[in-house]
Structures are given as structure tokens and as C-alpha cells.
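Dumped target01.txt below, it's compact mmCIF, C-alpha atoms:
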# COMPACT_ATOMS: atom_id res chain seq x y z
CA MET A 1 0.00 0.00 0.00
CA PRO A 2 1.42 3.39 -0.90
CA ILE A 3 1.68 5.93 1.90
CA ILE A 4 -0.60 8.91 1.30
CA SER A 5 1.18 12.26 1.48
CA PRO A 6 -1.26 14.47 3.45
CA GLY A 7 -2.28 17.50 1.41
CA PHE A 8 -0.54 16.41 -1.80
CA LYS A 9 -2.67 17.00 -4.88
CA GLY A 10 -0.10 16.72 -7.63
CA ARG A 11 -0.28 18.20 -11.03
CA ARG A 12 -1.43 15.71 -13.59
CA ARG A 13 0.42 16.74 -16.69
CA ASP A 14 -0.41 15.55 -20.16
CA GLY A 15 1.73 12.47 -20.27
CA GLY A 16 -0.94 9.85 -20.48
CA GLU A 17 -0.01 6.41 -21.67
CA LYS A 18 3.22 7.65 -23.24
CA LEU A 19 4.71 8.34 -19.82
CA PRO A 20 6.47 5.41 -18.11
CA PRO A 21 5.88 4.88 -14.37
CA GLY A 22 7.52 7.40 -12.03
CA GLN A 23 8.37 9.82 -14.85
CA TYR A 24 7.22 13.42 -15.42
CA LEU A 25 7.09 15.38 -18.63
CA VAL A 26 9.45 18.26 -19.40
CA THR A 27 9.68 20.55 -22.41
CA ASP A 28 13.26 21.72 -21.88
CA PHE A 29 16.24 19.39 -22.30
CA PRO A 30 18.07 18.74 -19.04
CA VAL A 31 21.74 17.76 -19.11
CA LEU A 32 23.27 15.12 -16.84
CA SER A 33 26.90 14.08 -17.09
CA ALA A 34 29.36 12.70 -14.59
CA GLY A 35 32.23 14.99 -15.53
CA PRO A 36 33.38 17.85 -17.75
CA THR A 37 32.03 17.92 -21.30
CA PRO A 38 34.72 16.60 -23.68
CA ARG A 39 35.36 18.86 -26.68
CA VAL A 40 35.86 16.53 -29.62
CA ASP A 41 37.17 17.86 -32.92
CA THR A 42 35.42 16.12 -35.82
CA ARG A 43 38.76 16.18 -37.71
CA LYS A 44 40.06 13.76 -35.10
CA TRP A 45 36.81 11.92 -34.43
CA GLU A 46 36.68 8.21 -35.04
CA PHE A 47 34.07 5.54 -34.38
CA ARG A 48 35.20 1.93 -34.00
CA ILE A 49 33.34 -1.33 -33.72
CA LYS A 50 35.44 -4.14 -32.29
CA THR A 51 34.16 -7.69 -32.49
CA GLU A 52 34.59 -10.52 -30.00
CA LYS A 53 37.32 -11.86 -32.29
CA GLY A 54 39.20 -8.57 -32.21
CA GLN A 55 38.31 -7.43 -35.73
CA VAL A 56 37.85 -3.68 -36.02
CA ALA A 57 35.69 -1.62 -38.35
CA SER A 58 36.18 2.13 -38.14
CA TRP A 59 34.85 5.32 -39.66
CA ASP A 60 36.27 8.83 -39.59
CA TRP A 61 33.88 11.79 -39.65
CA ALA A 62 33.79 12.03 -43.45
CA ALA A 63 33.17 8.32 -43.93
CA PHE A 64 30.54 8.36 -41.22
CA GLN A 65 28.75 11.29 -42.84
CA GLY A 66 28.74 9.34 -46.08
CA LEU A 67 26.64 6.54 -44.58
CA PRO A 68 22.89 6.45 -45.13
CA SER A 69 21.20 8.39 -42.33
CA GLU A 70 17.67 8.62 -41.00
CA ASP A 71 15.44 11.20 -39.38
CA ILE A 72 14.32 9.91 -36.02
CA THR A 73 11.51 11.19 -33.79
CA VAL A 74 11.46 9.56 -30.38
CA ASP A 75 10.51 10.03 -26.72
CA LEU A 76 13.33 10.16 -24.17
CA HIS A 77 13.19 8.88 -20.60
CA CYS A 78 15.91 9.79 -18.10
CA VAL A 79 16.39 7.77 -14.91
CA THR A 80 16.35 11.07 -12.98
CA LYS A 81 12.58 11.09 -13.73
CA TRP A 82 12.13 13.48 -16.62
CA SER A 83 10.75 12.41 -19.98
CA LYS A 84 10.69 14.47 -23.14
CA PHE A 85 8.38 13.62 -26.00
CA GLY A 86 8.88 13.92 -29.75
CA THR A 87 12.58 14.75 -29.95
CA HIS A 88 14.00 15.05 -33.48
CA TRP A 89 17.37 13.57 -34.40
CA ARG A 90 19.35 12.55 -37.43
CA GLY A 91 21.71 9.63 -37.30
CA VAL A 92 23.00 6.38 -38.68
CA SER A 93 21.19 3.22 -37.71
CA LEU A 94 23.19 0.56 -35.89
CA ASP A 95 21.65 -1.86 -38.42
CA THR A 96 23.73 -0.03 -41.04
CA LEU A 97 26.89 0.09 -38.93
CA LEU A 98 26.66 -3.55 -37.88
CA GLY A 99 25.47 -4.75 -41.29
CA ASP A 100 28.86 -5.88 -42.56
CA VAL A 101 30.30 -6.79 -39.18
CA GLU A 102 30.75 -10.49 -38.66
CA THR A 103 29.74 -11.30 -35.12
CA SER A 104 27.72 -13.66 -33.00
CA ALA A 105 28.29 -11.66 -29.82
CA GLU A 106 25.29 -11.10 -27.58
CA TYR A 107 26.60 -8.19 -25.53
CA ALA A 108 27.82 -4.72 -26.36
CA LEU A 109 29.75 -2.10 -24.44
CA ALA A 110 29.57 1.44 -25.80
CA ARG A 111 32.63 3.61 -25.17
CA SER A 112 32.92 7.37 -25.19
CA TYR A 113 35.44 10.17 -25.32
CA GLY A 114 36.09 11.01 -21.67
CA GLY A 115 36.02 7.36 -20.62
CA TYR A 116 32.28 6.76 -20.13
CA THR A 117 30.96 3.28 -20.86
CA THR A 118 27.52 1.63 -20.88
CA ASN A 119 26.47 -1.93 -21.65
CA LEU A 120 23.46 -3.35 -23.43
CA PRO A 121 22.46 -6.48 -25.30
CA VAL A 122 23.31 -6.49 -29.02
CA ALA A 123 19.64 -7.32 -29.68
CA ASP A 124 18.73 -3.87 -28.34
CA LEU A 125 20.98 -2.22 -30.93
CA LEU A 126 19.34 -3.90 -33.92
CA ASN A 127 16.06 -3.72 -35.85
CA GLY A 128 15.60 0.04 -35.90
CA GLN A 129 16.06 0.52 -32.17
CA ALA A 130 19.40 2.34 -32.01
CA TRP A 131 21.37 5.00 -33.86
CA ILE A 132 24.55 7.03 -33.73
CA ALA A 133 22.95 10.47 -33.80
CA TYR A 134 24.80 13.61 -34.85
CA ARG A 135 22.05 16.17 -35.38
CA TYR A 136 19.41 17.32 -32.92
CA ASP A 137 16.47 19.52 -33.84
CA GLY A 138 17.94 20.41 -37.21
CA ALA A 139 21.38 21.47 -35.98
CA ALA A 140 24.71 19.83 -35.22
CA LEU A 141 24.50 18.02 -31.88
CA ALA A 142 25.83 20.31 -29.13
CA PRO A 143 28.72 19.05 -26.98
CA GLU A 144 26.69 19.12 -23.75
CA HIS A 145 24.12 16.82 -25.36
CA GLY A 146 26.84 14.45 -26.57
CA GLY A 147 28.11 15.99 -29.79
CA PRO A 148 29.63 15.47 -32.20
CA ALA A 149 27.80 12.12 -32.02
CA ARG A 150 26.02 10.05 -29.40
CA LEU A 151 24.40 6.69 -29.16
CA LEU A 152 20.60 6.94 -29.18
CA VAL A 153 18.70 3.97 -27.74
CA PRO A 154 15.41 5.57 -26.77
CA HIS A 155 13.62 2.47 -25.52
CA LEU A 156 16.05 2.31 -22.57
CA TYR A 157 16.77 4.97 -19.93
CA LEU A 158 18.86 7.74 -21.38
CA TRP A 159 22.14 6.87 -19.63
CA LYS A 160 22.33 3.98 -22.14
CA SER A 161 22.43 6.55 -24.96
CA ALA A 162 26.12 7.25 -24.43
CA LYS A 163 27.17 10.83 -25.21
CA TRP A 164 30.44 11.47 -27.14
CA VAL A 165 30.37 7.86 -28.28
CA ASN A 166 33.46 6.64 -30.10
CA GLY A 167 33.07 2.90 -30.18
CA ILE A 168 31.20 -0.27 -29.45
CA ASP A 169 32.85 -3.46 -28.26
CA LEU A 170 30.96 -6.65 -29.10
CA MET A 171 31.46 -9.36 -26.52
CA ASP A 172 30.43 -12.90 -25.61
CA THR A 173 30.02 -11.94 -21.95
CA ASP A 174 28.21 -9.00 -20.40
CA GLN A 175 30.38 -6.31 -18.84
CA PRO A 176 28.67 -3.65 -16.71
CA GLY A 177 29.41 -0.07 -17.75
CA PHE A 178 30.01 3.08 -15.71
CA TRP A 179 26.64 3.64 -14.04
CA GLU A 180 25.82 -0.06 -14.13
CA GLN A 181 28.74 -0.63 -11.73
CA LEU A 182 27.56 2.20 -9.50
CA GLY A 183 24.11 1.00 -8.58
CA TYR A 184 22.11 1.58 -11.75
CA ASN A 185 20.18 -1.21 -13.42
CA ASN A 186 22.00 -3.43 -15.87
CA TYR A 187 19.22 -3.21 -18.48
CA GLY A 188 17.24 -0.04 -17.76
CA ASP A 189 13.76 -0.52 -19.22
CA PRO A 190 11.71 2.59 -18.32
CA TRP A 191 8.41 0.73 -18.72
CA ARG A 192 9.43 -1.75 -16.04
CA GLU A 193 10.97 1.08 -13.99
CA GLN A 194 14.37 -0.62 -13.91
CA ARG A 195 16.26 2.29 -12.39
CA TYR A 196 18.60 0.64 -9.90
CA TRP A 197 20.10 -2.72 -9.03
CA GLY A 198 17.38 -5.20 -8.21
CA ASP A 199 14.54 -3.19 -9.82
CA MET B 200 37.60 5.00 -8.62
CA ALA B 201 35.67 5.63 -5.42
CA ARG B 202 32.83 3.17 -5.18
CA ALA B 203 30.18 3.51 -2.56
CA ALA B 204 28.46 0.35 -1.50
CA VAL B 205 25.10 0.16 -3.21
CA LEU B 206 24.08 -3.40 -2.77
CA GLY B 207 20.88 -5.24 -3.39
CA ARG B 208 17.48 -3.83 -4.02
CA LEU B 209 16.58 -0.31 -3.00
CA THR B 210 13.19 -0.63 -1.36
CA TRP B 211 10.83 2.22 -0.55
CA LEU B 212 11.08 3.28 3.08
CA VAL B 213 8.77 5.48 5.10
CA GLY B 214 10.49 8.30 6.94
CA THR B 215 8.91 10.67 9.45
CA VAL B 216 9.57 14.39 9.42
CA THR B 217 11.21 15.31 12.72
CA ALA B 218 12.06 18.96 12.07
CA LEU B 219 11.79 21.67 9.42
CA ARG B 220 14.16 24.58 9.02
CA ASP B 221 13.92 27.52 6.65
CA GLU B 222 17.32 28.15 5.08
CA THR B 223 16.42 31.00 2.71
CA PRO B 224 13.09 32.50 1.58
CA THR B 225 12.85 29.65 -0.97
CA ALA B 226 14.81 26.75 0.54
CA ARG B 227 13.83 24.52 3.43
CA THR B 228 15.59 21.67 5.20
CA ILE B 229 13.62 18.56 6.13
CA ALA B 230 15.01 16.37 8.90
CA LEU B 231 13.83 12.77 8.73
CA ASP B 232 13.94 9.66 10.81
CA VAL B 233 13.96 6.68 8.44
CA PRO B 234 13.70 3.20 9.99
CA GLY B 235 15.61 0.73 7.82
CA TRP B 236 17.89 3.40 6.30
CA ARG B 237 21.20 1.73 5.49
CA GLY B 238 23.35 4.84 5.64
CA HIS B 239 24.92 6.86 2.86
CA SER B 240 28.12 8.41 1.57
CA ALA B 241 28.51 12.18 1.40
CA GLY B 242 27.23 13.41 -1.98
CA GLN B 243 24.55 10.78 -2.62
CA HIS B 244 20.84 11.43 -3.22
CA VAL B 245 17.45 9.86 -2.62
CA ASP B 246 14.29 9.39 -4.62
CA VAL B 247 11.23 10.86 -2.92
CA ARG B 248 7.71 9.66 -3.79
CA LEU B 249 4.53 11.58 -3.03
CA THR B 250 1.12 9.94 -3.36
CA ALA B 251 -2.22 11.75 -3.51
CA GLU B 252 -5.47 10.40 -2.02
CA ASP B 253 -6.56 9.04 -5.39
CA GLY B 254 -3.31 7.09 -5.89
CA TYR B 255 -1.63 9.56 -8.26
CA SER B 256 2.07 9.67 -7.43
CA ALA B 257 5.12 11.72 -8.38
CA GLN B 258 8.82 11.04 -7.82
CA ARG B 259 11.84 13.34 -7.74
CA SER B 260 15.49 13.04 -6.72
CA TYR B 261 17.00 15.17 -3.95
CA SER B 262 20.53 15.37 -2.63
CA ILE B 263 21.21 14.46 0.97
CA ALA B 264 22.49 17.45 2.97
CA SER B 265 23.55 15.71 6.15
CA ALA B 266 26.61 13.65 7.05
CA PRO B 267 26.00 9.93 7.57
CA ASP B 268 24.16 9.61 10.90
CA GLY B 269 22.40 6.30 11.48
CA GLN B 270 18.79 6.40 10.33
CA ARG B 271 18.58 10.18 10.42
CA LEU B 272 19.02 12.26 7.32
CA GLU B 273 18.33 15.76 6.07
CA LEU B 274 17.29 17.00 2.65
CA THR B 275 17.28 20.63 1.59
CA ILE B 276 14.63 21.52 -0.97
CA GLN B 277 14.84 24.56 -3.22
CA ARG B 278 11.31 25.57 -4.21
CA LEU B 279 10.82 25.78 -7.97
CA GLU B 280 8.18 28.25 -9.11
CA ASP B 281 6.47 25.81 -11.45
CA GLY B 282 7.44 22.68 -9.56
CA GLU B 283 5.10 19.81 -8.71
CA VAL B 284 6.93 18.22 -5.80
CA SER B 285 9.18 20.97 -4.40
CA PRO B 286 6.29 23.28 -3.37
CA TYR B 287 4.80 20.43 -1.34
CA LEU B 288 8.11 19.64 0.35
CA SER B 289 9.00 23.27 0.99
CA GLU B 290 5.56 24.54 2.06
CA THR B 291 2.92 21.88 2.77
CA LEU B 292 4.91 19.23 4.61
CA GLU B 293 4.73 19.42 8.41
CA VAL B 294 6.55 17.80 11.32
CA GLY B 295 5.16 14.32 11.90
CA TYR B 296 4.17 13.76 8.27
CA PRO B 297 5.32 10.54 6.57
CA LEU B 298 7.60 10.75 3.55
CA GLU B 299 8.40 7.84 1.24
CA LEU B 300 11.91 7.58 -0.06
CA ARG B 301 14.50 5.16 -1.32
CA GLY B 302 18.25 5.30 -1.58
CA PRO B 303 21.03 6.06 -1.24
CA ILE B 304 21.53 6.55 -4.97
CA GLY B 305 24.63 7.49 -6.93
CA GLY B 306 28.04 6.01 -6.28
CA TRP B 307 30.11 8.50 -8.29
CA PHE B 308 29.57 11.99 -6.92
CA VAL B 309 30.76 10.99 -3.44
CA TRP B 310 33.57 12.04 -1.15
CA ASP B 311 35.46 9.25 0.57
CA PRO B 312 36.82 10.52 3.92
CA GLY B 313 39.66 8.02 3.54
CA ASN B 314 40.96 9.83 0.46
CA PRO B 315 43.68 12.28 1.60
CA ALA B 316 43.58 14.40 -1.59
CA PRO B 317 42.59 18.04 -1.08
CA VAL B 318 39.00 18.76 -2.09
CA LEU B 319 37.82 21.69 -4.16
CA LEU B 320 34.05 22.19 -4.00
CA VAL B 321 32.29 24.52 -6.43
CA ALA B 322 28.59 25.16 -5.82
CA GLY B 323 26.03 27.14 -7.78
CA GLY B 324 22.84 27.99 -5.86
CA SER B 325 21.15 24.92 -4.40
CA GLY B 326 24.03 22.87 -5.83
CA ILE B 327 25.53 23.44 -2.38
CA VAL B 328 23.40 20.63 -0.90
CA PRO B 329 25.44 17.49 -1.76
CA LEU B 330 28.65 19.47 -1.17
CA MET B 331 27.41 20.43 2.30
CA SER B 332 27.07 16.73 3.07
CA MET B 333 30.81 16.44 2.28
CA VAL B 334 31.68 19.46 4.44
CA ARG B 335 29.68 17.98 7.31
CA ALA B 336 31.16 14.51 6.86
CA ARG B 337 34.63 16.08 7.08
CA ALA B 338 33.71 17.88 10.30
CA GLN B 339 32.10 14.77 11.76
CA ASP B 340 35.28 12.78 11.15
CA ALA B 341 37.42 15.61 12.57
CA SER B 342 39.26 15.36 9.25
CA THR B 343 41.91 17.93 8.42
CA THR B 344 41.87 17.16 4.69
CA PRO B 345 42.14 20.59 3.04
CA PHE B 346 38.74 21.69 1.70
CA ARG B 347 37.99 24.81 -0.28
CA LEU B 348 34.40 25.77 -1.09
CA ILE B 349 33.62 28.31 -3.80
CA TYR B 350 29.92 29.07 -3.55
CA SER B 351 28.04 31.18 -6.11
CA VAL B 352 24.77 32.80 -5.09
CA ARG B 353 22.68 35.50 -6.67
CA SER B 354 22.64 37.64 -3.53
CA PRO B 355 23.50 37.30 0.18
CA ASP B 356 19.91 36.32 1.13
CA GLN B 357 20.20 33.23 -1.10
CA ILE B 358 23.01 31.66 0.93
CA ILE B 359 21.98 28.28 2.30
CA TYR B 360 23.73 27.14 5.51
CA GLY B 361 25.39 30.59 5.91
CA PRO B 362 25.92 30.58 9.71
CA GLU B 363 27.16 26.98 9.76
CA LEU B 364 29.58 27.60 6.90
CA ALA B 365 30.91 30.71 8.67
CA LYS B 366 31.50 28.70 11.82
CA ARG B 367 33.33 25.94 9.97
CA ALA B 368 35.47 28.42 8.03
CA ALA B 369 36.44 30.09 11.33
CA ALA B 370 37.53 26.79 12.89
CA GLY B 371 41.00 27.08 11.34
CA ASP B 372 41.22 23.37 10.53
CA GLY B 373 41.78 23.64 6.79
CA PHE B 374 38.32 24.53 5.49
CA GLY B 375 38.26 27.66 3.35
CA LEU B 376 35.21 29.45 1.96
CA THR B 377 34.68 32.01 -0.78
CA TYR B 378 31.37 33.46 -1.90
CA ILE B 379 30.75 34.61 -5.45
CA TYR B 380 27.80 37.00 -5.79
CA THR B 381 26.40 36.95 -9.28
CA ARG B 382 23.74 39.71 -9.06
CA THR B 383 24.07 41.61 -5.78
CA ALA B 384 27.22 41.72 -3.68
CA PRO B 385 27.08 42.78 -0.03
CA PRO B 386 28.27 46.32 0.81
CA GLY B 387 32.03 46.54 1.10
CA SER B 388 32.60 43.46 -1.02
CA ASP B 389 35.94 43.61 -2.85
CA ARG B 390 34.60 41.61 -5.77
CA PRO B 391 31.88 43.24 -7.85
CA ALA B 392 28.81 41.08 -8.56
CA GLY B 393 29.20 38.97 -11.67
CA ARG B 394 29.34 35.46 -12.99
CA ILE B 395 32.04 33.09 -11.84
CA SER B 396 35.21 33.28 -13.96
CA ALA B 397 38.72 31.91 -14.22
CA ARG B 398 39.85 34.58 -11.75
CA ASP B 399 37.58 33.05 -9.11
CA LEU B 400 38.54 29.46 -9.86
CA VAL B 401 42.25 29.55 -10.54
CA ILE B 402 43.47 30.25 -7.04
CA GLU B 403 46.72 29.99 -5.13
CA GLY B 404 47.22 26.57 -3.63
CA TRP B 405 44.35 24.99 -5.54
CA GLY B 406 45.86 24.56 -8.97
CA ARG B 407 46.41 21.53 -11.12
CA ARG B 408 49.71 20.75 -9.39
CA GLN B 409 47.96 20.16 -6.06
CA ARG B 410 45.74 17.63 -7.88
CA PRO B 411 42.61 18.30 -5.84
CA ALA B 412 39.53 16.12 -6.14
CA VAL B 413 36.97 18.53 -7.60
CA PHE B 414 33.20 18.40 -7.13
CA VAL B 415 31.03 20.83 -9.08
CA CYS B 416 27.26 21.02 -8.58
CA GLY B 417 24.76 23.55 -9.87
CA PRO B 418 22.66 24.55 -12.86
CA THR B 419 23.82 23.14 -16.20
CA GLY B 420 25.25 26.38 -17.61
CA TYR B 421 27.15 27.04 -14.41
CA VAL B 422 28.64 23.55 -14.23
CA GLU B 423 29.62 23.66 -17.91
CA ALA B 424 31.40 26.99 -17.40
CA VAL B 425 33.20 25.93 -14.22
CA ALA B 426 34.27 22.52 -15.53
CA SER B 427 35.61 23.92 -18.79
CA THR B 428 37.47 26.71 -16.98
CA LEU B 429 39.11 24.18 -14.67
CA THR B 430 40.10 21.83 -17.50
CA SER B 431 41.50 24.79 -19.46
CA ALA B 432 43.56 25.66 -16.38
CA GLY B 433 45.10 22.21 -16.54
CA HIS B 434 43.02 20.25 -14.04
CA ASP B 435 42.71 16.59 -14.98
CA PRO B 436 39.16 16.06 -16.33
CA GLY B 437 39.23 12.65 -14.66
CA ARG B 438 39.39 14.33 -11.25
CA ILE B 439 36.43 16.64 -11.84
CA LYS B 440 33.08 15.16 -10.85
CA THR B 441 29.95 17.04 -11.78
CA GLU B 442 26.29 17.02 -10.97
CA ARG B 443 23.99 19.21 -13.04
CA PHE B 444 20.38 20.19 -12.85
CA GLY B 445 18.07 22.01 -15.21
CA PRO B 446 18.08 22.54 -18.95
CA THR B 447 20.84 23.61 -21.30
CA GLY B 448 21.90 27.20 -21.02
CA SER B 449 19.97 28.02 -17.84
Take the structure I supplied and represent it as C-alpha cells, if you would.
Amino acid sequence: MPIISPGFKGRRRDGGEKLPPGQYLVTDFPVLSAGPTPRVDTRKWEFRIKTEKGQVASWDWAAFQGLPSEDITVDLHCVTKWSKFGTHWRGVSLDTLLGDVETSAEYALARSYGGYTTNLPVADLLNGQAWIAYRYDGAALAPEHGGPARLLVPHLYLWKSAKWVNGIDLMDTDQPGFWEQLGYNNYGDPWREQRYWGD
Amino acid sequence: MARAAVLGRLTWLVGTVTALRDETPTARTIALDVPGWRGHSAGQHVDVRLTAEDGYSAQRSYSIASAPDGQRLELTIQRLEDGEVSPYLSETLEVGYPLELRGPIGGWFVWDPGNPAPVLLVAGGSGIVPLMSMVRARAQDASTTPFRLIYSVRSPDQIIYGPELAKRAAAGDGFGLTYIYTRTAPPGSDRPAGRISARDLVIEGWGRRQRPAVFVCGPTGYVEAVASTLTSAGHDPGRIKTERFGPTGS
């Protein structure tokens, strides 16, 4: 039984069925990062996929820009409780990036400039569920939101959408990432409210 | 890497409000007794859940202000004009009311009293709250680890924990305090009101060579400015931990 908070009315915002449990709707775009924002020069930017056998596929900024890209409109859900609906991005699908990569790995660890990591199953990167996004709302992605490019996996809490992403390691065994080692849920499904360990 | 113990499932606990204290015209401290609380590290936060009569509920995260102290803890709530939860916590809540919470959460933005490195704290507005937990944990442990707090506020009446900070700075045990007034400086102030800059942050004895552990907490724009100033001044980005709130550019 929940404990009633005497005198609390609440403000029922228009979230409706699009709002996962425990979340509230915002219209601004909050920023949460564990450290300083890395400034990454696109002339030095590189994105690498490393397979479980050690094979590496890599793209520099020009090659990456040459890949087929998609416009993406998705809702975002941050573990700190805010959700933002209908955000507009442009990016390259992981289906495209992983298309020619030979792998049977089940687990992925995304890596970022600045040292951040986050883990997720490879299945959650495929079938139109994940992108490397480099434009937000019609403009180049700002550094504080993860530019020049970030992982975008909107069906999981936003810490899985690694900012400043520069690589994905494909692995046979799961390896918890930065927040996943520090008490946050290994999978992070907002609809099952998997915020922390044991949720 | 400092790792606080966050083990097992975080269940919802019911705390009871034992005291309320106004800190500023818009910030209030809530003291709670929480049976089953497992303790926390300085810098961690909790999730608070409010539930209305009809079952509607809302959750928010708040930093813990107090040093670890058994099953007692304190939160300081800054009231947001258009907030849903903060007006309840800062105005409606009374002593004796129940409050549901779970935690502690966050194993990164924490100070480990066993770490001898000097600590540079940079707070913007209510970003002081988790840093105050560190200042209090240091005092509780009678630690002499050098601490320096740089605290930006709009005006003197916005200072949270002012008398306590003054007392700790006067103790002469290695805790130093500087206020930055961004809109209105007190009379006789030798620094005109204005936003925090490199001149405020690059200070004697607290440079990159001293390798301080740095904690920065405040609104997004403030934290971005402080963190980039410190990295430009040569501080190792890996030693700067940040906690931000609010949207881009605020």
C-alpha cells in the first residue's frame, strides 16, 4: 500500500499512456553528465566497432557522414525522472553500422570520449532501435548533449544513450558499464521502472 | 575509482519528518527519521515519492544534505516556481508527516573521507546541498583534509547554511570558503557582482599541481562553465566530478 502524502494533490500533466511509471514530462532538455564535457574535434573523431574476435571496423567523420542516415523522432526517458516527447534527431542506424560486421556476440559495451561506458544487449541495438545520432532539432549536436555524435537507444533509460560515443565493443560476456557498476540497473527498461540494481 | 556500496534492491522506506528549518526565503531543510535506512556516503541522493489520495504519485530526486548519521538524514529543498513536488516539500509538509523515499543513490559523486587528496568544492545555488554533506562529513570525522568551497549565489539572502559555513570556516582546521555574488554583492565586497570566472577558480594553492579532487554542482550552464574553466587551467578532467540540474543554457 502506498503511503498517502497528506495535502498532496499533484499536477497531472499531459503524459498519459506515453509516460512510463515514475516519470514526469518536461519541455526543456536537461543535461546530466558525470564529468566535464569533452570537446571533440570532428577532424580527429573516429568511431570503431570491435568484435569478439578482435576485428575492427572504423569510420572517420567524413566516412561516417557518407553513410545512409535517417530522421528519427522519439521520446526520451531519463532515470532522474524526466521524460521528453517527440525529440528530433538525425543519425546512422546501428543496423547499417553492424550490417557488414561479422559477429555472434550477444553483448555490447559502448565507449565514449572522456572514458564513459555503458552496456546493453546487441539485440537492443538492432532492428531500428538504435542510432549514432549527430544532429538534434535540425542542428549539429551540441557538446553538452553528446556531440559530435552520441548513441541513441530511446527504448532504454537515457544513460544507455552514451554521449560522445566513439566505439562499441561486441562481446560474448556481459560487462557492466560506468553507471551499471555504480548501482544503476544493468538493463534499464523505463516501462518496467528498472532504475537501480534489483529493480 | 571511489565506489560507494550500493548493494541489493533499494526498497521504498517510510520516513517521518522530525524537524523543518527555513534556510532562505525559498529553501527549506527537512530532517527525517527513516527506519531501515542503510546509511549513505557524502554526496549521494534519494528518490522521494509523493502519493495523492486518489493514488496519483510523483517522484523526484533530492541530494542528501547531512553527514552519515544512522537512520537520520536531512534533505534541503529549493522551491521551484512551477514545480510539482518541491512546493509540497517546501511549504505543505509538516513535522510528523510521513515521507516515502529510497536510496542512497549514486556512487560516483561521493567524497570518501579516507581519500587524503585536497578537495575543491564549487557550488552554484542549491548545488551546495550534496557538497554540504561532504563538508559535514569532514567535520564529523574531525578530518583535516584541506577543503575549499567556492559558492556562487545571486545575492546574500540566497546563501543556504550561511551561519554553519561561517563557523566551519572560522575553525582554522583547513576549510576555506569564498562566496561569489552573481547579481548583488554585499556592501564593502571587494569583488563586484558577476558570474564566476577563471579569476575566481584559478586560485593559489588549488591549482592543477595540487591535484585536488573537484566536485562541481549547480545549474547546467554554471557547471559547464566551471568545468571547462578548470580543465582549461590544466586540471585533470578525470578528477572533476559534476552534478547538473536544469536545462541547457539556464
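Residue nearest chain A, chosen from B:Thr215, B:Ser431, B:Ser332, B:Thr419 and counting all atoms listed in the file: B:Thr419.
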Worksheet item: Which residues, written as a list in words, have at least one atom at most 7 Å from Val233 (chain B), with all atoms listed in the file counted and residues fewer than 4 positions away on the same chain left out?
Response: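 Contacts, in chain order: Leu212, Val213, Gly214, Thr215, Gln270 and Arg271 of chain B.
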Practice prompt. Select, from A:Leu141, A:Leu94, A:Leu25, A:Val122, the residue with the minimum atom-to-atom distance to Lys81 (chain A), counting only C-alpha atoms.
Written response: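 Closest candidate: A:Leu25.
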Worksheet item: Once you count only C-alpha atoms, which residues of chain A turn out to be within 10 Å of chain B? Could you give them as number ranges by chain?
Response: A: 1-13, 21-24, 26-39, 79-82, 114-115, 142, 144-145, 178-179, 181-184, 195-199
Worksheet item: Hey, which of A:Ile132, A:Val40, A:Leu109, A:Leu126 ends up closest to Ser69 (chain A)? Count only C-alpha atoms.
Response: A:Ile132
Worksheet entry | Non-local contacts of Pro176 (chain A) (7 Å; only C-alpha atoms; under 2 positions in same chain excluded) as number ranges by chain | A: 118-119, 174, 178, 180-181, 186
Fill in: Residue nearest Phe346 (chain B) - candidates B:Pro329, B:Glu363, B:Gly295, B:Pro411, atoms counted: all atoms listed in the file
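With all atoms listed in the file as the atom set, the closest residue is B:Pro411.
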